[in-house]
>>> print(open('query-v3.cif').read())   # mmCIF, C-alpha atoms
data_target
loop_
_atom_site.label_atom_id
_atom_site.label_comp_id
_atom_site.auth_asym_id
_atom_site.auth_seq_id
_atom_site.Cartn_x
_atom_site.Cartn_y
_atom_site.Cartn_z
CA MET A 1 -16.25 1.06 -15.85
CA ARG A 2 -19.70 1.99 -17.16
CA PHE A 3 -19.91 0.08 -20.43
CA CYS A 4 -18.66 -3.32 -21.50
CA SER A 5 -15.67 -2.93 -23.80
CA GLN A 6 -16.55 -6.21 -25.52
CA CYS A 7 -20.28 -5.79 -26.26
CA GLY A 8 -21.08 -2.16 -25.41
CA SER A 9 -23.79 -3.05 -22.89
CA ASP A 10 -24.29 -0.83 -19.85
CA GLN A 11 -25.33 -3.84 -17.77
CA ILE A 12 -22.13 -3.89 -15.76
CA VAL A 13 -22.26 -5.17 -12.22
CA PHE A 14 -19.51 -5.24 -9.62
CA GLU A 15 -19.76 -8.65 -8.00
CA VAL A 16 -17.84 -11.80 -7.15
CA PRO A 17 -17.97 -14.13 -10.18
CA ALA A 18 -18.66 -17.84 -9.61
CA GLY A 19 -15.49 -19.59 -8.51
CA ASP A 20 -13.78 -16.31 -7.72
CA SER A 21 -13.14 -14.64 -4.38
CA ARG A 22 -13.05 -10.98 -5.35
CA PRO A 23 -15.56 -8.57 -6.84
CA ARG A 24 -15.00 -7.78 -10.52
CA HIS A 25 -16.71 -5.72 -13.17
CA VAL A 26 -18.87 -8.32 -14.90
CA CYS A 27 -21.01 -7.75 -17.99
CA THR A 28 -24.36 -9.42 -17.43
CA ALA A 29 -25.11 -9.18 -21.15
CA CYS A 30 -22.10 -10.99 -22.65
CA LYS A 31 -20.78 -12.46 -19.36
CA VAL A 32 -17.25 -11.25 -19.83
CA ILE A 33 -15.30 -10.49 -16.66
CA HIS A 34 -13.21 -7.33 -16.73
CA TYR A 35 -10.17 -7.83 -14.55
CA GLN A 36 -8.23 -4.90 -13.18
CA ASN A 37 -4.69 -5.39 -11.97
CA PRO A 38 -1.92 -3.33 -10.43
CA ARG A 39 0.22 -1.29 -12.76
CA VAL A 40 3.97 -1.02 -12.77
CA ILE A 41 5.94 2.20 -12.60
CA ALA A 42 9.51 1.91 -13.90
CA GLY A 43 12.06 4.50 -12.91
CA CYS A 44 15.73 5.18 -12.52
CA LEU A 45 18.05 6.52 -9.88
CA VAL A 46 20.59 8.15 -12.16
CA THR A 47 23.91 9.37 -10.86
CA HIS A 48 26.71 11.45 -12.26
CA GLU A 49 29.86 11.64 -10.19
CA ASP A 50 28.52 12.05 -6.64
CA LYS A 51 25.18 13.53 -7.65
CA VAL A 52 21.67 12.26 -8.34
CA LEU A 53 19.46 13.43 -11.19
CA LEU A 54 16.04 14.74 -10.22
CA CYS A 55 13.24 16.16 -12.34
CA ARG A 56 10.76 18.81 -11.28
CA ARG A 57 7.40 17.68 -12.52
CA ALA A 58 5.56 19.72 -15.14
CA ILE A 59 2.41 17.62 -14.84
CA GLU A 60 -0.04 16.47 -12.22
CA PRO A 61 -0.03 14.73 -9.88
CA ARG A 62 2.55 16.56 -7.79
CA ARG A 63 3.37 19.23 -10.32
CA ASN A 64 6.35 21.31 -9.20
CA PHE A 65 7.68 18.58 -6.94
CA TRP A 66 10.91 16.69 -7.56
CA THR A 67 11.01 13.10 -8.69
CA LEU A 68 13.30 10.43 -10.00
CA PRO A 69 12.48 9.89 -13.67
CA ALA A 70 9.75 7.24 -13.69
CA GLY A 71 6.46 6.35 -15.31
CA PHE A 72 4.09 3.62 -16.34
CA LEU A 73 5.73 0.57 -17.85
CA GLU A 74 4.45 0.02 -21.39
CA ASN A 75 3.46 -3.15 -23.12
CA GLY A 76 6.38 -4.37 -25.20
CA GLU A 77 9.20 -3.21 -22.97
CA SER A 78 11.19 -4.66 -20.10
CA LEU A 79 11.55 -2.95 -16.74
CA ALA A 80 15.05 -1.83 -17.69
CA GLU A 81 13.82 -0.45 -21.00
CA GLY A 82 11.02 1.37 -19.24
CA ALA A 83 13.41 2.89 -16.72
CA ALA A 84 15.72 4.07 -19.51
CA ARG A 85 12.87 5.40 -21.62
CA GLU A 86 11.42 7.41 -18.76
CA THR A 87 14.85 8.88 -18.09
CA TRP A 88 15.04 9.91 -21.70
CA GLU A 89 11.53 11.35 -21.78
CA GLU A 90 11.76 13.28 -18.53
CA ALA A 91 15.40 14.29 -18.48
CA ALA A 92 16.62 13.85 -22.07
CA ALA A 93 19.33 11.68 -20.59
CA ARG A 94 20.87 8.43 -21.74
CA VAL A 95 21.76 6.04 -18.94
CA GLU A 96 23.94 3.03 -18.47
CA LEU A 97 22.00 0.79 -16.09
CA ASP A 98 23.65 -0.92 -13.13
CA GLY A 99 20.79 -3.18 -12.19
CA LEU A 100 17.51 -3.52 -10.37
CA TYR A 101 17.56 -1.56 -7.15
CA GLY A 102 14.10 -0.91 -5.67
CA VAL A 103 10.77 -2.76 -5.66
CA PHE A 104 8.09 -0.92 -3.73
CA ASN A 105 4.51 -2.01 -3.23
CA THR A 106 2.17 0.94 -3.16
CA VAL A 107 -0.88 -1.15 -2.55
CA HIS A 108 -3.39 1.61 -1.87
CA ILE A 109 -2.96 3.01 -5.37
CA HIS A 110 -2.59 -0.37 -7.06
CA GLN A 111 0.95 0.27 -8.21
CA ILE A 112 4.36 -1.32 -7.97
CA HIS A 113 7.25 1.09 -8.29
CA VAL A 114 10.43 -0.45 -9.66
CA PHE A 115 13.71 1.45 -9.80
CA TYR A 116 16.99 0.72 -11.51
CA ARG A 117 20.30 2.29 -10.68
CA GLY A 118 22.06 3.95 -13.60
CA ARG A 119 24.79 6.35 -14.60
CA LEU A 120 24.46 9.31 -16.90
CA VAL A 121 26.23 8.73 -20.22
CA ASP A 122 28.83 11.47 -20.75
CA GLY A 123 27.19 13.58 -18.06
CA VAL A 124 24.63 14.82 -20.55
CA TYR A 125 21.06 15.63 -19.58
CA GLY A 126 18.34 18.07 -20.48
CA VAL A 127 14.71 18.81 -19.72
CA GLY A 128 12.00 16.51 -21.04
CA GLU A 129 8.45 17.55 -21.85
CA GLU A 130 7.06 16.33 -18.55
CA SER A 131 9.61 18.27 -16.52
CA LEU A 132 9.91 21.94 -15.61
CA GLU A 133 13.59 21.55 -14.86
CA THR A 134 16.11 18.85 -14.09
CA ARG A 135 19.16 19.06 -11.91
CA LEU A 136 21.97 17.02 -10.40
CA PHE A 137 21.80 17.13 -6.61
CA SER A 138 24.46 16.21 -4.11
CA GLU A 139 23.20 14.46 -1.00
CA ALA A 140 23.34 17.64 1.05
CA ASP A 141 21.16 19.48 -1.45
CA ILE A 142 18.37 16.95 -2.00
CA PRO A 143 15.05 18.81 -1.62
CA TRP A 144 13.64 16.27 0.84
CA GLU A 145 10.59 18.37 1.61
CA GLU A 146 9.76 18.83 -2.03
CA LEU A 147 9.91 15.27 -3.28
CA ALA A 148 6.92 14.16 -5.30
CA PHE A 149 6.33 10.63 -4.03
CA PRO A 150 7.09 8.48 -0.96
CA THR A 151 8.82 5.86 -3.10
CA VAL A 152 11.22 8.47 -4.44
CA HIS A 153 12.03 9.45 -0.87
CA LYS A 154 12.65 5.83 0.14
CA MET A 155 14.81 5.05 -2.88
CA LEU A 156 17.00 8.09 -2.25
CA LYS A 157 17.35 7.26 1.46
CA TYR A 158 18.41 3.72 0.61
CA PHE A 159 20.85 4.99 -1.99
CA PHE A 160 22.70 7.34 0.32
CA GLU A 161 22.78 4.64 2.98
CA ASP A 162 24.06 1.98 0.59
CA ARG A 163 26.59 4.31 -0.98
CA LYS A 164 28.52 4.35 2.28
CA THR A 165 29.28 0.67 1.84
CA GLY A 166 29.28 0.51 -1.94
CA VAL A 167 26.87 -2.43 -1.81
CA PHE A 168 23.46 -1.93 -3.39
CA PRO A 169 21.14 -4.84 -2.62
CA VAL A 170 17.72 -4.89 -4.21
CA ARG A 171 15.56 -2.97 -1.77
CA VAL A 172 12.03 -4.30 -1.31
CA ARG A 173 9.49 -2.46 0.75
CA ASP A 174 5.77 -2.01 1.27
CA LEU A 175 4.69 1.59 1.48
CA PRO A 176 2.14 2.37 4.20
CA ARG A 177 -1.41 1.72 3.07
CA ARG A 178 -3.80 4.59 3.00
CA LYS A 179 -7.45 4.85 2.23
CA MET B 180 -11.36 -3.33 -27.28
CA ARG B 181 -14.49 -2.79 -29.36
CA PHE B 182 -16.52 -0.37 -27.24
CA CYS B 183 -15.54 2.52 -25.02
CA SER B 184 -15.92 1.53 -21.38
CA GLN B 185 -16.60 5.17 -20.47
CA CYS B 186 -19.26 6.19 -23.01
CA GLY B 187 -20.27 2.97 -24.78
CA SER B 188 -19.39 4.27 -28.25
CA ASP B 189 -18.04 1.84 -30.85
CA GLN B 190 -15.94 4.62 -32.39
CA ILE B 191 -12.68 3.23 -31.07
CA VAL B 192 -9.54 3.83 -33.09
CA PHE B 193 -6.06 2.51 -32.47
CA GLU B 194 -3.74 5.44 -33.04
CA VAL B 195 -1.00 7.55 -31.50
CA PRO B 196 -2.66 10.27 -29.39
CA ALA B 197 -1.32 13.84 -29.62
CA GLY B 198 1.79 14.20 -27.50
CA ASP B 199 2.20 10.44 -27.19
CA SER B 200 4.56 8.10 -28.98
CA ARG B 201 2.60 4.84 -28.96
CA PRO B 202 -0.69 3.73 -30.45
CA ARG B 203 -3.54 3.46 -27.97
CA HIS B 204 -7.19 2.61 -28.08
CA VAL B 205 -8.79 6.04 -28.26
CA CYS B 206 -12.51 6.79 -28.19
CA THR B 207 -13.26 9.38 -30.86
CA ALA B 208 -16.64 10.07 -29.25
CA CYS B 209 -15.63 10.97 -25.70
CA LYS B 210 -11.87 11.33 -26.39
CA VAL B 211 -10.80 9.06 -23.53
CA ILE B 212 -7.57 7.15 -24.04
CA HIS B 213 -7.61 3.53 -22.91
CA TYR B 214 -4.15 2.56 -21.76
CA GLN B 215 -3.06 -1.04 -21.57
CA ASN B 216 -0.11 -2.01 -19.43
CA PRO B 217 1.84 -5.13 -18.54
CA ARG B 218 0.44 -7.35 -15.82
CA VAL B 219 2.31 -8.86 -12.93
CA ILE B 220 2.40 -12.53 -12.05
CA ALA B 221 3.35 -13.24 -8.43
CA GLY B 222 4.59 -16.69 -7.48
CA CYS B 223 6.59 -18.61 -4.97
CA LEU B 224 9.42 -21.10 -4.97
CA VAL B 225 8.42 -23.07 -1.90
CA THR B 226 10.77 -25.54 -0.30
CA HIS B 227 10.43 -28.16 2.38
CA GLU B 228 13.65 -29.76 3.55
CA ASP B 229 15.58 -30.31 0.31
CA LYS B 230 12.54 -30.37 -1.95
CA VAL B 231 10.57 -27.89 -4.07
CA LEU B 232 6.80 -27.73 -4.27
CA LEU B 233 5.32 -27.96 -7.76
CA CYS B 234 1.71 -27.96 -8.93
CA ARG B 235 0.34 -29.77 -11.95
CA ARG B 236 -2.01 -27.36 -13.65
CA ALA B 237 -5.72 -28.16 -13.87
CA ILE B 238 -6.43 -25.22 -16.15
CA GLU B 239 -5.28 -23.77 -19.43
CA PRO B 240 -2.85 -22.58 -20.52
CA ARG B 241 -0.48 -25.50 -20.09
CA ARG B 242 -2.92 -27.82 -18.37
CA ASN B 243 -1.18 -30.95 -17.08
CA PHE B 244 2.21 -29.26 -16.92
CA TRP B 245 4.04 -28.49 -13.70
CA THR B 246 4.43 -25.01 -12.33
CA LEU B 247 5.52 -23.09 -9.30
CA PRO B 248 2.40 -21.68 -7.64
CA ALA B 249 1.83 -18.29 -9.30
CA GLY B 250 -0.85 -16.08 -10.75
CA PHE B 251 -1.98 -12.56 -11.50
CA LEU B 252 -1.26 -10.04 -8.79
CA GLU B 253 -4.50 -8.49 -7.57
CA ASN B 254 -5.32 -4.91 -6.75
CA GLY B 255 -4.99 -4.42 -3.02
CA GLU B 256 -2.16 -6.83 -2.35
CA SER B 257 1.62 -6.66 -2.26
CA LEU B 258 3.86 -8.95 -4.29
CA ALA B 259 4.57 -11.00 -1.18
CA GLU B 260 0.87 -11.29 -0.39
CA GLY B 261 0.15 -12.33 -3.96
CA ALA B 262 2.87 -14.98 -3.86
CA ALA B 263 1.50 -16.37 -0.59
CA ARG B 264 -2.11 -16.26 -1.79
CA GLU B 265 -1.31 -18.13 -4.97
CA THR B 266 0.52 -20.77 -2.95
CA TRP B 267 -2.54 -21.15 -0.81
CA GLU B 268 -4.93 -21.28 -3.77
CA GLU B 269 -2.92 -23.72 -5.87
CA ALA B 270 -1.33 -25.90 -3.22
CA ALA B 271 -3.34 -25.27 -0.04
CA ALA B 272 -0.02 -24.44 1.57
CA ARG B 273 0.98 -21.74 4.01
CA VAL B 274 4.45 -20.33 3.46
CA GLU B 275 6.98 -18.36 5.38
CA LEU B 276 8.58 -16.04 2.84
CA ASP B 277 12.35 -15.56 2.64
CA GLY B 278 12.34 -12.66 0.23
CA LEU B 279 12.15 -11.55 -3.36
CA TYR B 280 14.04 -13.92 -5.61
CA GLY B 281 13.15 -13.62 -9.31
CA VAL B 282 12.03 -10.79 -11.60
CA PHE B 283 11.51 -11.91 -15.16
CA ASN B 284 10.40 -9.78 -18.06
CA THR B 285 8.22 -11.71 -20.47
CA VAL B 286 7.79 -8.84 -22.84
CA HIS B 287 6.08 -10.67 -25.69
CA ILE B 288 3.09 -11.51 -23.48
CA HIS B 289 3.12 -8.21 -21.58
CA GLN B 290 3.86 -9.82 -18.25
CA ILE B 291 6.37 -9.54 -15.45
CA HIS B 292 6.84 -12.69 -13.42
CA VAL B 293 7.95 -12.12 -9.85
CA PHE B 294 8.92 -14.95 -7.54
CA TYR B 295 9.55 -15.09 -3.83
CA ARG B 296 11.40 -17.81 -2.00
CA GLY B 297 9.49 -19.43 0.84
CA ARG B 298 9.33 -22.39 3.16
CA LEU B 299 6.35 -24.62 3.77
CA VAL B 300 4.88 -24.10 7.23
CA ASP B 301 4.91 -27.42 9.12
CA GLY B 302 5.44 -29.29 5.86
CA VAL B 303 1.72 -29.13 5.14
CA TYR B 304 0.35 -28.84 1.64
CA GLY B 305 -2.62 -30.04 -0.38
CA VAL B 306 -4.18 -29.61 -3.79
CA GLY B 307 -5.86 -26.35 -4.73
CA GLU B 308 -8.70 -25.96 -7.21
CA GLU B 309 -6.45 -24.93 -10.06
CA SER B 310 -4.17 -27.96 -9.61
CA LEU B 311 -4.56 -31.60 -10.55
CA GLU B 312 -1.91 -32.62 -8.06
CA THR B 313 0.92 -31.10 -6.09
CA ARG B 314 4.16 -32.70 -5.05
CA LEU B 315 7.51 -32.04 -3.42
CA PHE B 316 10.35 -32.75 -5.84
CA SER B 317 14.01 -33.23 -5.10
CA GLU B 318 16.38 -31.72 -7.65
CA ALA B 319 16.96 -35.08 -9.32
CA ASP B 320 13.25 -35.59 -9.85
CA ILE B 321 12.21 -32.22 -11.26
CA PRO B 322 10.14 -32.89 -14.39
CA TRP B 323 12.17 -30.50 -16.54
CA GLU B 324 10.47 -31.54 -19.76
CA GLU B 325 7.03 -31.06 -18.28
CA LEU B 326 7.34 -27.58 -16.82
CA ALA B 327 4.56 -25.19 -17.75
CA PHE B 328 6.44 -21.95 -18.36
CA PRO B 329 9.96 -20.75 -19.24
CA THR B 330 10.10 -18.54 -16.15
CA VAL B 331 9.43 -21.54 -13.91
CA HIS B 332 12.32 -23.34 -15.60
CA LYS B 333 14.63 -20.36 -15.09
CA MET B 334 13.67 -19.86 -11.46
CA LEU B 335 14.29 -23.52 -10.64
CA LYS B 336 17.65 -23.52 -12.45
CA TYR B 337 18.75 -20.45 -10.51
CA PHE B 338 17.57 -21.99 -7.27
CA PHE B 339 19.55 -25.20 -7.61
CA GLU B 340 22.59 -23.19 -8.68
CA ASP B 341 22.30 -20.74 -5.78
CA ARG B 342 21.60 -23.48 -3.27
CA LYS B 343 25.16 -24.73 -3.71
CA THR B 344 26.46 -21.50 -2.22
CA GLY B 345 23.56 -20.69 0.07
CA VAL B 346 23.39 -17.18 -1.39
CA PHE B 347 20.19 -16.23 -3.20
CA PRO B 348 20.56 -12.88 -4.96
CA VAL B 349 17.51 -11.41 -6.68
CA ARG B 350 17.64 -12.87 -10.16
CA VAL B 351 16.60 -10.53 -12.95
CA ARG B 352 16.25 -11.74 -16.49
CA ASP B 353 14.56 -10.98 -19.79
CA LEU B 354 12.93 -13.97 -21.40
CA PRO B 355 13.45 -14.29 -25.15
CA ARG B 356 10.92 -12.29 -27.14
CA ARG B 357 8.65 -14.13 -29.49
CA LYS B 358 6.05 -12.98 -31.96
#
>>> encode(input="query-v3.cif", output="structure tokens")
Amino acid sequence: MRFCSQCGSDQIVFEVPAGDSRPRHVCTACKVIHYQNPRVIAGCLVTHEDKVLLCRRAIEPRRNFWTLPAGFLENGESLAEGAARETWEEAAARVELDGLYGVFNTVHIHQIHVFYRGRLVDGVYGVGEESLETRLFSEADIPWEELAFPTVHKMLKYFFEDRKTGVFPVRVRDLPRRK
Amino acid sequence: MRFCSQCGSDQIVFEVPAGDSRPRHVCTACKVIHYQNPRVIAGCLVTHEDKVLLCRRAIEPRRNFWTLPAGFLENGESLAEGAARETWEEAAARVELDGLYGVFNTVHIHQIHVFYRGRLVDGVYGVGEESLETRLFSEADIPWEELAFPTVHKMLKYFFEDRKTGVFPVRVRDLPRRK
């Protein structure tokens, strides 16, 4: 942050405001404090029969790698709506959601990744604008070495583990912190 | 947003960027798109013996009303850490967390409220700066009409319901949308 979005001043300092315990971007001209908070990624583990839908990313970061459909939650939508929207945008697929399934803290990048489980409606899917291709993978064929993000890896591991019992508890996990 | 935080220009428009589907604050001078996303509130339903810890708010909104300790999740912390920190800040209480318990979409205010269950360490609590008082309430004494927020009401209702069975599934719910 270089300029104050309220008054346009460039007198922005990064300091601990009075009564606070953390440094913030503070405008010394108009005194407003600019808070920055973690963002939420909403995604979906979509199945059809015994397979999972993955998307090969057309955009950075991690272009060419495989992901579960997921993206930034938008103002005005619920987590479930965000998960369904991302599935539509990335895989042109409608889903019937089965419930919240994964909540992953990715603290080092200031994100929370939230996944729903869902089933493909009528088995129909396509390729969204942010994907190079999409495909249904059986467990044996998951491209483990070519997954885009650690949270995608974790969610898939949990899924194949839980599928053995047919019980899918909400999985909560902190991803390792990196600099 | 009145000024661009990147270039300081006041040429901010609110429009749908090319390739996007939602209106954003866009700087026509430097072309940067300023995204705004939902924020996460992390809180804790803290028990001691058969009672629940509530805090009477010293600050707006809803000053004087009772809440579960909760507040904005900060960059650099997990949901569990945020829930514990807020409990410390509002009720000077250390908690042992029992797990994720509530995920509530409050779409109309662009927030997700996330609650953990926890137990007071050694039964010790006090009054934090953002609270006028704090108190342990048995179910019969909960000030239902003086609760600060709908999500606090929901979380407490779920808790007393689940306590009958001793099973505490993660509760997910959309709060009614208001203008």
>>> resolve_selection(input="query-v3.cif", expression="the PyMOL selection byres ((chain B and resi 229-236) around 9)", output="PDB file with C-alpha atoms, in the frame of the given file")
ATOM      1  CA  LEU B 224       9.420 -21.100  -4.970  1.00  0.00           C
ATOM      2  CA  VAL B 225       8.420 -23.070  -1.900  1.00  0.00           C
ATOM      3  CA  THR B 226      10.770 -25.540  -0.300  1.00  0.00           C
ATOM      4  CA  HIS B 227      10.430 -28.160   2.380  1.00  0.00           C
ATOM      5  CA  GLU B 228      13.650 -29.760   3.550  1.00  0.00           C
ATOM      6  CA  ALA B 237      -5.720 -28.160 -13.870  1.00  0.00           C
ATOM      7  CA  ILE B 238      -6.430 -25.220 -16.150  1.00  0.00           C
ATOM      8  CA  GLU B 239      -5.280 -23.770 -19.430  1.00  0.00           C
ATOM      9  CA  PRO B 240      -2.850 -22.580 -20.520  1.00  0.00           C
ATOM     10  CA  ARG B 241      -0.480 -25.500 -20.090  1.00  0.00           C
ATOM     11  CA  ARG B 242      -2.920 -27.820 -18.370  1.00  0.00           C
ATOM     12  CA  ASN B 243      -1.180 -30.950 -17.080  1.00  0.00           C
ATOM     13  CA  PHE B 244       2.210 -29.260 -16.920  1.00  0.00           C
ATOM     14  CA  TRP B 245       4.040 -28.490 -13.700  1.00  0.00           C
ATOM     15  CA  THR B 246       4.430 -25.010 -12.330  1.00  0.00           C
ATOM     16  CA  LEU B 247       5.520 -23.090  -9.300  1.00  0.00           C
ATOM     17  CA  PRO B 248       2.400 -21.680  -7.640  1.00  0.00           C
ATOM     18  CA  GLU B 269      -2.920 -23.720  -5.870  1.00  0.00           C
ATOM     19  CA  ALA B 270      -1.330 -25.900  -3.220  1.00  0.00           C
ATOM     20  CA  LEU B 299       6.350 -24.620   3.770  1.00  0.00           C
ATOM     21  CA  TYR B 304       0.350 -28.840   1.640  1.00  0.00           C
ATOM     22  CA  VAL B 306      -4.180 -29.610  -3.790  1.00  0.00           C
ATOM     23  CA  GLY B 307      -5.860 -26.350  -4.730  1.00  0.00           C
ATOM     24  CA  GLU B 309      -6.450 -24.930 -10.060  1.00  0.00           C
ATOM     25  CA  SER B 310      -4.170 -27.960  -9.610  1.00  0.00           C
ATOM     26  CA  LEU B 311      -4.560 -31.600 -10.550  1.00  0.00           C
ATOM     27  CA  GLU B 312      -1.910 -32.620  -8.060  1.00  0.00           C
ATOM     28  CA  THR B 313       0.920 -31.100  -6.090  1.00  0.00           C
ATOM     29  CA  ARG B 314       4.160 -32.700  -5.050  1.00  0.00           C
ATOM     30  CA  LEU B 315       7.510 -32.040  -3.420  1.00  0.00           C
ATOM     31  CA  PHE B 316      10.350 -32.750  -5.840  1.00  0.00           C
ATOM     32  CA  SER B 317      14.010 -33.230  -5.100  1.00  0.00           C
ATOM     33  CA  GLU B 318      16.380 -31.720  -7.650  1.00  0.00           C
ATOM     34  CA  ILE B 321      12.210 -32.220 -11.260  1.00  0.00           C
ATOM     35  CA  LEU B 326       7.340 -27.580 -16.820  1.00  0.00           C
ATOM     36  CA  ALA B 327       4.560 -25.190 -17.750  1.00  0.00           C
ATOM     37  CA  LEU B 335      14.290 -23.520 -10.640  1.00  0.00           C
TER      38      LEU B 335
END
>>> resolve_selection(input="query-v3.cif", expression="the PyMOL selection byres ((chain A) within 10 of (chain B))", output="PyMOL selection string")
chain A and resi 1-10+12+19+22+35-40+72-80+99-101+103-112+129+169-175+177
>>> axis_aligned_box(input="query-v3.cif", around="range 43-62 of chain A", padding_each_side="8 Å", output="JSON")
{"center_x": 14.9, "center_y": 12.1, "center_z": -10.9, "size_x": 45.9, "size_y": 31.2, "size_z": 24.5}
>>> atom_distance(input="query-v3.cif", atom1="CA of Phe160 in chain A", atom2="CA of Tyr295 in chain B")
26.3 Å
>>> closest_residue(input="query-v3.cif", among="B:Val293, B:Val195, B:Val346, B:Ala221", to="Thr266 in chain B", atoms="only C-alpha atoms")
B:Ala221
>>> build_atoms(input="query-v3.cif", residues="range 273-279 of chain B", atoms="all heavy atoms", output="compact mmCIF listing (two decimals), in the coordinates of the input")
# COMPACT_ATOMS: atom_id res chain seq x y z
N ARG B 273 0.54 -23.00 3.40
CA ARG B 273 0.98 -21.74 4.01
C ARG B 273 2.49 -21.67 3.89
O ARG B 273 3.18 -22.68 4.09
CB ARG B 273 0.59 -21.71 5.48
CG ARG B 273 -0.90 -21.81 5.74
CD ARG B 273 -1.61 -20.49 5.53
NE ARG B 273 -3.05 -20.61 5.73
CZ ARG B 273 -3.95 -19.81 5.15
NH1 ARG B 273 -3.57 -18.85 4.32
NH2 ARG B 273 -5.23 -19.98 5.39
N VAL B 274 3.00 -20.48 3.61
CA VAL B 274 4.45 -20.33 3.46
C VAL B 274 4.99 -19.22 4.34
O VAL B 274 4.30 -18.24 4.61
CB VAL B 274 4.86 -19.99 2.00
CG1 VAL B 274 4.83 -21.21 1.13
CG2 VAL B 274 4.04 -18.86 1.44
N GLU B 275 6.22 -19.42 4.74
CA GLU B 275 6.98 -18.36 5.38
C GLU B 275 7.94 -17.84 4.32
O GLU B 275 8.78 -18.60 3.81
CB GLU B 275 7.75 -18.93 6.57
CG GLU B 275 8.34 -17.88 7.47
CD GLU B 275 8.51 -18.42 8.89
OE1 GLU B 275 7.97 -19.52 9.18
OE2 GLU B 275 9.16 -17.76 9.69
N LEU B 276 7.81 -16.58 3.96
CA LEU B 276 8.58 -16.04 2.84
C LEU B 276 9.98 -15.63 3.25
O LEU B 276 10.19 -15.07 4.33
CB LEU B 276 7.86 -14.85 2.22
CG LEU B 276 6.50 -15.15 1.58
CD1 LEU B 276 5.91 -13.87 0.98
CD2 LEU B 276 6.60 -16.22 0.51
N ASP B 277 10.94 -15.92 2.38
CA ASP B 277 12.35 -15.56 2.64
C ASP B 277 12.81 -14.35 1.83
O ASP B 277 13.94 -13.92 1.97
CB ASP B 277 13.26 -16.75 2.31
CG ASP B 277 13.08 -17.86 3.33
OD1 ASP B 277 12.97 -17.54 4.53
OD2 ASP B 277 13.03 -19.02 2.92
N GLY B 278 11.95 -13.86 0.96
CA GLY B 278 12.34 -12.66 0.23
C GLY B 278 12.16 -12.78 -1.27
O GLY B 278 11.96 -13.87 -1.82
N LEU B 279 12.24 -11.63 -1.90
CA LEU B 279 12.15 -11.55 -3.36
C LEU B 279 13.28 -12.34 -3.99
O LEU B 279 14.42 -12.27 -3.51
CB LEU B 279 12.24 -10.07 -3.77
CG LEU B 279 12.12 -9.75 -5.26
CD1 LEU B 279 10.74 -10.09 -5.79
CD2 LEU B 279 12.42 -8.27 -5.50
